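**Student:** Sharing a structure here in structure tokens format.
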Amino acid sequence: MNSIKHKEVARSYAAVRRISRNSGSSFYRSFWLLPREQRDAMSALYAFARVTDDLGDSDEPILLRRHWLDCWRQTTAMNLIGEANGEIRLAEGMEELSAEASIDLVGRAREIMPALRHASDRYSIPSRYLLEIVDGVLADQQKNRFDTFEQLEHYCYLVASAVGIACLYIWGFRSPLPKQAAVDCGLAFQLTNILRDVSEDAARGRIYLPRQHYEQHGLDEDDLLHPRRDARLRCLILDETRRASELFDSGWRVWDSLDDSGRPMFSMMWRTYRALLQRIAEDPDAIVRHRVSLGMRQRLGIVSKHFVGPLYRRLPIPPLEIGRDPSISQVAPAKTNT
């Protein structure tokens with residue numbers, strides 16, 4: 001890499017680190033569990049996903065958002081496929097579109113693409129997974145109702161599992177790629193997000209829980225768009241937490257294939273989302289009142305157990321939650337991995 005390209009990539013990594021740091025995401029701190037080069041690659045991946053989400057979540061008309069995302073996808077493909085050290089290329093008409101957009105597409109592409117391309121090349125991330133991240137946001141513009149769980153699974157694959165598989169390439173794994181476990185883990189995370197956001201999604205006119213599931217409990221669209229304390233809704237949420245719990249169990253199998261450097265970040269993410277699922281299962285009515293989240297004390301407890309070496313080494317492997325129904329309170333004796 002010549003000196004000019006080296007400076008361009010260095011500036012791009014500085015930009016993606018800034019975007020990740022300023023995002024306010026609770027998982028930015030988990031990047032610090034990784035060595036520097038992997039941490040920078042995670043920042044590039046996160047910044048790319050963040051900008052993609054911002055394009056889909058803007059207040060502009062849906063047709064314009066789709067046009068932006070189409071251009072963003074073309075630009076991504078053009079820069080990930082082919083010569084890694086070439087000039088940053090832009091989709092046809094993108095400069096004209098960017099001049100009228102509330103989001104500077106060209107500026108974002110020139111900020112992010114050098115680092116994303118460098119990280120993708122360094123860690124051999126297949127471009128299909130990065131393009132599927134854009135496809136997931138495009139899908140969200142077109143469909144916010146799902147008749148079957150299989151339809152929801154495909155959506156969750158695009159918006160969550162594809163990101164998770166890209167992470168595996170950065171973290172490192174022993175072949176073969178534990179793809180099904182990674183897909184299930186992404187589905188578990190996204191299903192947990194869907195459960196915690198039932199009220200927020202309803203306020204936006206969106207229902208992500210599949211029709212085949214809520215109709216089994218005697219619920220209809222109006223019940224999901226105007227959620228209230230209801231035994232039927234409570235039973236639906238508990239059913240979904242049990243389904244998500246099984247997916248978490250399957251997703252943990254990723255651990256067995258991960259390189260040591262990626263294990264702490266994976267563990268922290270898995271345990272955080274699994275704790276969130278437990279909170280939902282313990283009080284299903286809470287999703288009607290507010291967006292469910294972990295308390296500061298619980299969050300700090302999970303973080304400290306991954307950043308403090310002796311505490312990390314004492315974490316039970318596999319986690320105590322494996323094989324447990326989250327809707328049933330259970331008290332287990334302390335267990336360590338020593």
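Quick note on naming: the chains in the structure tokens go A, B, ... in the order shown, residues restart at 1 in each chain, and ligands are numbered from 1 in order of appearance.
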Pick out the residues sitting within 6 Å of stretch 219-232 of chain A, and hand them over as a VMD selection string; count only C-alpha atoms, and ignore anything fewer than 4 positions along from it in its own chain.
**Tutor:** chain A and resid 202 214 to 215 285 288
**Student:** Fewer than 3 positions away in the same chain doesn't count, so skip those; otherwise give me all residues within 12 Å of A:Leu152, counting only C-alpha atoms, as a PyMOL selection string.
**Tutor:** chain A and resi 136+139-140+143-149+155-160+187-188+190-191+194+207-213
**Student:** Using atom CA of A:Ser199 and atom CA of A:Ile237 as the two end points, give the distance in Å to one decimal.
**Tutor:**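 Computing it gives 12.6 Å between the two atoms.
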**Student:** I'd like to know which of A:Leu97, A:Ile125, A:Ala49, A:Met42 is closest to A:Leu80, using only C-alpha atoms.
**Tutor:**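 With only C-alpha atoms as the atom set, the closest residue is A:Ile125.
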**Student:** So what do you get for atom CA of A:Ser161 versus atom CA of A:Val106, distance-wise?
**Tutor:**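 Spanning atom CA of A:Ser161 to atom CA of A:Val106 is a straight-line distance of 27.5 Å.
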**Student:** Considering only C-alpha atoms, tabulate each residue of stretch 252-298 of chain A that lies at most 10 Å from stretch 309-331 of chain A along with its nearest interatomic pair and the corresponding distance in Å to one decimal; arrange the rows by chain and ascending residue number and present them as a tab-separated table.
**Tutor:**
residue	atom	partner	partner_atom	distance
A:Trp252	CA	A:Pro318	CA	7.8
A:Arg253	CA	A:Pro318	CA	9.1
A:Trp255	CA	A:Pro318	CA	8.9
A:Asp256	CA	A:Pro318	CA	9.9
A:Pro264	CA	A:Tyr312	CA	8.0
A:Ser267	CA	A:Pro319	CA	9.1
A:Met268	CA	A:Tyr312	CA	9.9
A:Trp270	CA	A:Pro319	CA	9.6
A:Arg271	CA	A:Pro319	CA	8.0
A:Arg274	CA	A:Glu321	CA	8.0
A:Ala275	CA	A:Glu321	CA	9.0
A:Leu277	CA	A:Pro326	CA	7.3
A:Gln278	CA	A:Pro326	CA	5.3
A:Arg279	CA	A:Pro326	CA	8.6
A:Ile280	CA	A:Ser327	CA	8.5
A:Ala281	CA	A:Ser327	CA	4.7
A:Glu282	CA	A:Ser327	CA	6.0
A:Asp283	CA	A:Ser327	CA	8.8
A:Pro284	CA	A:Ser327	CA	9.1
**Student:** Could you pull out all residues of stretch 167-314 of chain A with a DSSP call of helix (DSSP H, G or I) and give them as a PyMOL selection string?
**Tutor:** chain A and resi 167-171+179-196+198-203+211-216+221-225+231-257+260-282+286-289+296-307+309-313
**Student:** Which residues are near A:Ala44? Cut-off 7 Å, only C-alpha atoms, ignore same chain within fewer than 3 positions. Put them as a list in words.
**Tutor:**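 Counting only C-alpha atoms, the residues come to Tyr13, Val16, Asp40, Ala41, Ala47, Phe48, Ile112, Ala115 and Leu116 of chain A.
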**Student:** Write a file of the just-selected residues containing all heavy atoms, as a CSV table (one decimal), in the first residue's frame.
**Tutor:**
chain,number,residue,atom,x,y,z
A,13,TYR,N,-10.1,5.0,9.3
A,13,TYR,CA,-10.2,4.3,10.6
A,13,TYR,C,-10.5,5.3,11.7
A,13,TYR,O,-11.2,5.0,12.6
A,13,TYR,CB,-9.0,3.5,10.8
A,13,TYR,CG,-9.0,2.1,10.3
A,13,TYR,CD1,-8.1,1.7,9.3
A,13,TYR,CD2,-10.0,1.2,10.7
A,13,TYR,CE1,-8.1,0.4,8.8
A,13,TYR,CE2,-10.1,-0.1,10.1
A,13,TYR,CZ,-9.1,-0.5,9.2
A,13,TYR,OH,-9.2,-1.8,8.7
A,16,VAL,N,-14.2,6.0,11.4
A,16,VAL,CA,-15.2,5.0,11.9
A,16,VAL,C,-15.1,4.8,13.4
A,16,VAL,O,-16.1,4.5,14.1
A,16,VAL,CB,-14.9,3.7,11.2
A,16,VAL,CG1,-15.2,3.8,9.7
A,16,VAL,CG2,-13.5,3.1,11.4
A,40,ASP,N,-10.4,-2.1,15.5
A,40,ASP,CA,-10.6,-1.1,14.4
A,40,ASP,C,-11.5,-1.7,13.3
A,40,ASP,O,-12.4,-1.0,12.8
A,40,ASP,CB,-9.3,-0.7,13.8
A,40,ASP,CG,-8.5,0.3,14.6
A,40,ASP,OD1,-9.1,0.9,15.6
A,40,ASP,OD2,-7.3,0.5,14.3
A,41,ALA,N,-11.3,-3.0,13.1
A,41,ALA,CA,-12.2,-3.6,12.1
A,41,ALA,C,-13.7,-3.6,12.5
A,41,ALA,O,-14.6,-3.4,11.7
A,41,ALA,CB,-11.7,-5.0,11.8
A,47,ALA,N,-19.6,1.2,12.0
A,47,ALA,CA,-19.9,2.5,11.4
A,47,ALA,C,-20.7,2.3,10.1
A,47,ALA,O,-21.7,3.0,9.8
A,47,ALA,CB,-18.6,3.3,11.1
A,48,PHE,N,-20.4,1.2,9.3
A,48,PHE,CA,-21.1,0.9,8.1
A,48,PHE,C,-22.5,0.6,8.4
A,48,PHE,O,-23.5,1.1,7.8
A,48,PHE,CB,-20.4,-0.2,7.4
A,48,PHE,CG,-21.2,-0.8,6.2
A,48,PHE,CD1,-21.3,-0.1,5.1
A,48,PHE,CD2,-21.8,-2.1,6.3
A,48,PHE,CE1,-22.1,-0.6,4.0
A,48,PHE,CE2,-22.5,-2.6,5.3
A,48,PHE,CZ,-22.6,-1.9,4.1
A,112,ILE,N,-16.0,6.1,5.2
A,112,ILE,CA,-16.2,4.7,5.7
A,112,ILE,C,-15.6,3.7,4.8
A,112,ILE,O,-14.9,2.7,5.3
A,112,ILE,CB,-17.7,4.4,6.0
A,112,ILE,CG1,-18.2,5.3,7.2
A,112,ILE,CG2,-17.9,2.9,6.2
A,112,ILE,CD1,-19.7,5.2,7.3
A,115,ALA,N,-11.8,2.2,5.2
A,115,ALA,CA,-11.6,1.3,6.3
A,115,ALA,C,-12.4,0.0,6.2
A,115,ALA,O,-11.9,-1.1,6.5
A,115,ALA,CB,-12.0,2.0,7.6
A,116,LEU,N,-13.6,0.1,5.7
A,116,LEU,CA,-14.4,-1.1,5.5
A,116,LEU,C,-13.8,-2.1,4.5
A,116,LEU,O,-13.7,-3.3,4.7
A,116,LEU,CB,-15.8,-0.8,5.0
A,116,LEU,CG,-16.8,-1.9,4.9
A,116,LEU,CD1,-17.2,-2.5,6.3
A,116,LEU,CD2,-18.1,-1.5,4.2
**Student:** Nearest to A:Phe31: which of A:Ser261, A:Ser102, A:Thr75, A:Thr272 is it, counting only C-alpha atoms?
**Tutor:**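 For A:Phe31, the nearest of the given residues is A:Ser261.
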**Student:** What's around A:Lys5 at 10 Å? Count only C-alpha atoms, leave out sequence neighbours fewer than 6 positions away in its own chain, and write the answer as a ChimeraX atom specification.
**Tutor:** /A:11,85-87,114
**Student:** Extract, using only C-alpha atoms, all DNA, RNA and protein residues at most 9 Å from A:Ser30, discarding same-chain residues fewer than 4 positions from it, and format them as a list in words.
**Tutor:**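 In the requested format, the answer is Ser26, Leu34, Pro264, Met265, Phe266, Met268, Met269, Val303, His306 and Phe307 of chain A.
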**Student:** Dump all heavy atoms for the selected residues as a CSV table (one decimal), in the first residue's frame?
**Tutor:**
chain,number,residue,atom,x,y,z
A,26,SER,N,-24.2,0.8,23.7
A,26,SER,CA,-23.6,0.2,24.9
A,26,SER,C,-22.5,-0.9,24.5
A,26,SER,O,-21.7,-1.2,25.3
A,26,SER,CB,-24.7,-0.5,25.7
A,26,SER,OG,-25.3,-1.5,24.9
A,34,LEU,N,-11.1,-6.5,22.4
A,34,LEU,CA,-10.3,-7.1,21.3
A,34,LEU,C,-9.0,-6.4,21.1
A,34,LEU,O,-8.8,-5.3,21.5
A,34,LEU,CB,-11.1,-6.9,20.0
A,34,LEU,CG,-12.5,-7.5,19.9
A,34,LEU,CD1,-13.3,-7.0,18.7
A,34,LEU,CD2,-12.3,-9.0,19.7
A,264,PRO,N,-14.1,-13.2,24.6
A,264,PRO,CA,-14.7,-12.2,25.6
A,264,PRO,C,-15.8,-11.4,25.0
A,264,PRO,O,-16.8,-11.2,25.7
A,264,PRO,CB,-13.5,-11.4,26.0
A,264,PRO,CG,-12.3,-12.3,25.7
A,264,PRO,CD,-12.6,-13.1,24.5
A,265,MET,N,-15.6,-10.8,23.8
A,265,MET,CA,-16.6,-10.0,23.2
A,265,MET,C,-17.9,-10.8,22.9
A,265,MET,O,-19.0,-10.3,23.2
A,265,MET,CB,-16.1,-9.3,22.0
A,265,MET,CG,-17.2,-8.3,21.4
A,265,MET,SD,-16.6,-7.3,20.0
A,265,MET,CE,-18.1,-6.5,19.6
A,266,PHE,N,-17.8,-12.0,22.4
A,266,PHE,CA,-18.9,-12.8,22.1
A,266,PHE,C,-19.7,-13.1,23.4
A,266,PHE,O,-20.9,-13.0,23.5
A,266,PHE,CB,-18.5,-14.1,21.4
A,266,PHE,CG,-19.6,-15.1,21.3
A,266,PHE,CD1,-20.7,-14.9,20.4
A,266,PHE,CD2,-19.6,-16.2,22.2
A,266,PHE,CE1,-21.7,-15.9,20.4
A,266,PHE,CE2,-20.7,-17.1,22.1
A,266,PHE,CZ,-21.7,-17.0,21.2
A,268,MET,N,-19.7,-11.5,26.2
A,268,MET,CA,-20.3,-10.3,26.8
A,268,MET,C,-21.6,-10.0,26.1
A,268,MET,O,-22.6,-9.6,26.7
A,268,MET,CB,-19.4,-9.1,26.7
A,268,MET,CG,-19.9,-7.8,27.3
A,268,MET,SD,-18.7,-6.5,27.5
A,268,MET,CE,-19.7,-5.1,27.7
A,269,MET,N,-21.6,-10.1,24.8
A,269,MET,CA,-22.8,-9.8,24.0
A,269,MET,C,-23.9,-10.8,24.3
A,269,MET,O,-25.1,-10.5,24.5
A,269,MET,CB,-22.5,-9.7,22.5
A,269,MET,CG,-21.6,-8.6,22.1
A,269,MET,SD,-21.2,-8.6,20.3
A,269,MET,CE,-22.8,-8.2,19.7
A,303,VAL,N,-20.2,-6.1,32.4
A,303,VAL,CA,-19.0,-5.5,31.9
A,303,VAL,C,-17.8,-5.9,32.7
A,303,VAL,O,-16.7,-6.3,32.2
A,303,VAL,CB,-19.2,-4.0,31.8
A,303,VAL,CG1,-17.8,-3.3,31.5
A,303,VAL,CG2,-20.2,-3.6,30.7
A,306,HIS,N,-16.1,-9.2,32.3
A,306,HIS,CA,-15.4,-9.5,31.1
A,306,HIS,C,-14.1,-8.7,31.0
A,306,HIS,O,-13.2,-9.1,30.3
A,306,HIS,CB,-16.3,-9.2,29.9
A,306,HIS,CG,-17.4,-10.3,29.7
A,306,HIS,ND1,-18.6,-10.2,30.4
A,306,HIS,CD2,-17.4,-11.4,29.0
A,306,HIS,CE1,-19.3,-11.3,30.1
A,306,HIS,NE2,-18.6,-12.0,29.3
A,307,PHE,N,-14.0,-7.5,31.7
A,307,PHE,CA,-12.8,-6.7,31.6
A,307,PHE,C,-11.8,-7.0,32.7
A,307,PHE,O,-10.7,-6.7,32.6
A,307,PHE,CB,-13.2,-5.2,31.6
A,307,PHE,CG,-13.6,-4.7,30.3
A,307,PHE,CD1,-14.9,-4.7,29.9
A,307,PHE,CD2,-12.7,-4.2,29.4
A,307,PHE,CE1,-15.3,-4.2,28.7
A,307,PHE,CE2,-13.0,-3.7,28.2
A,307,PHE,CZ,-14.4,-3.7,27.8
**Student:** Rounded to one decimal, what separation in Å do you get between atom CA of A:Arg128 and atom CA of A:Glu153?
**Tutor:**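 Calculated distance between atom CA of A:Arg128 and atom CA of A:Glu153 is 17.8 Å.
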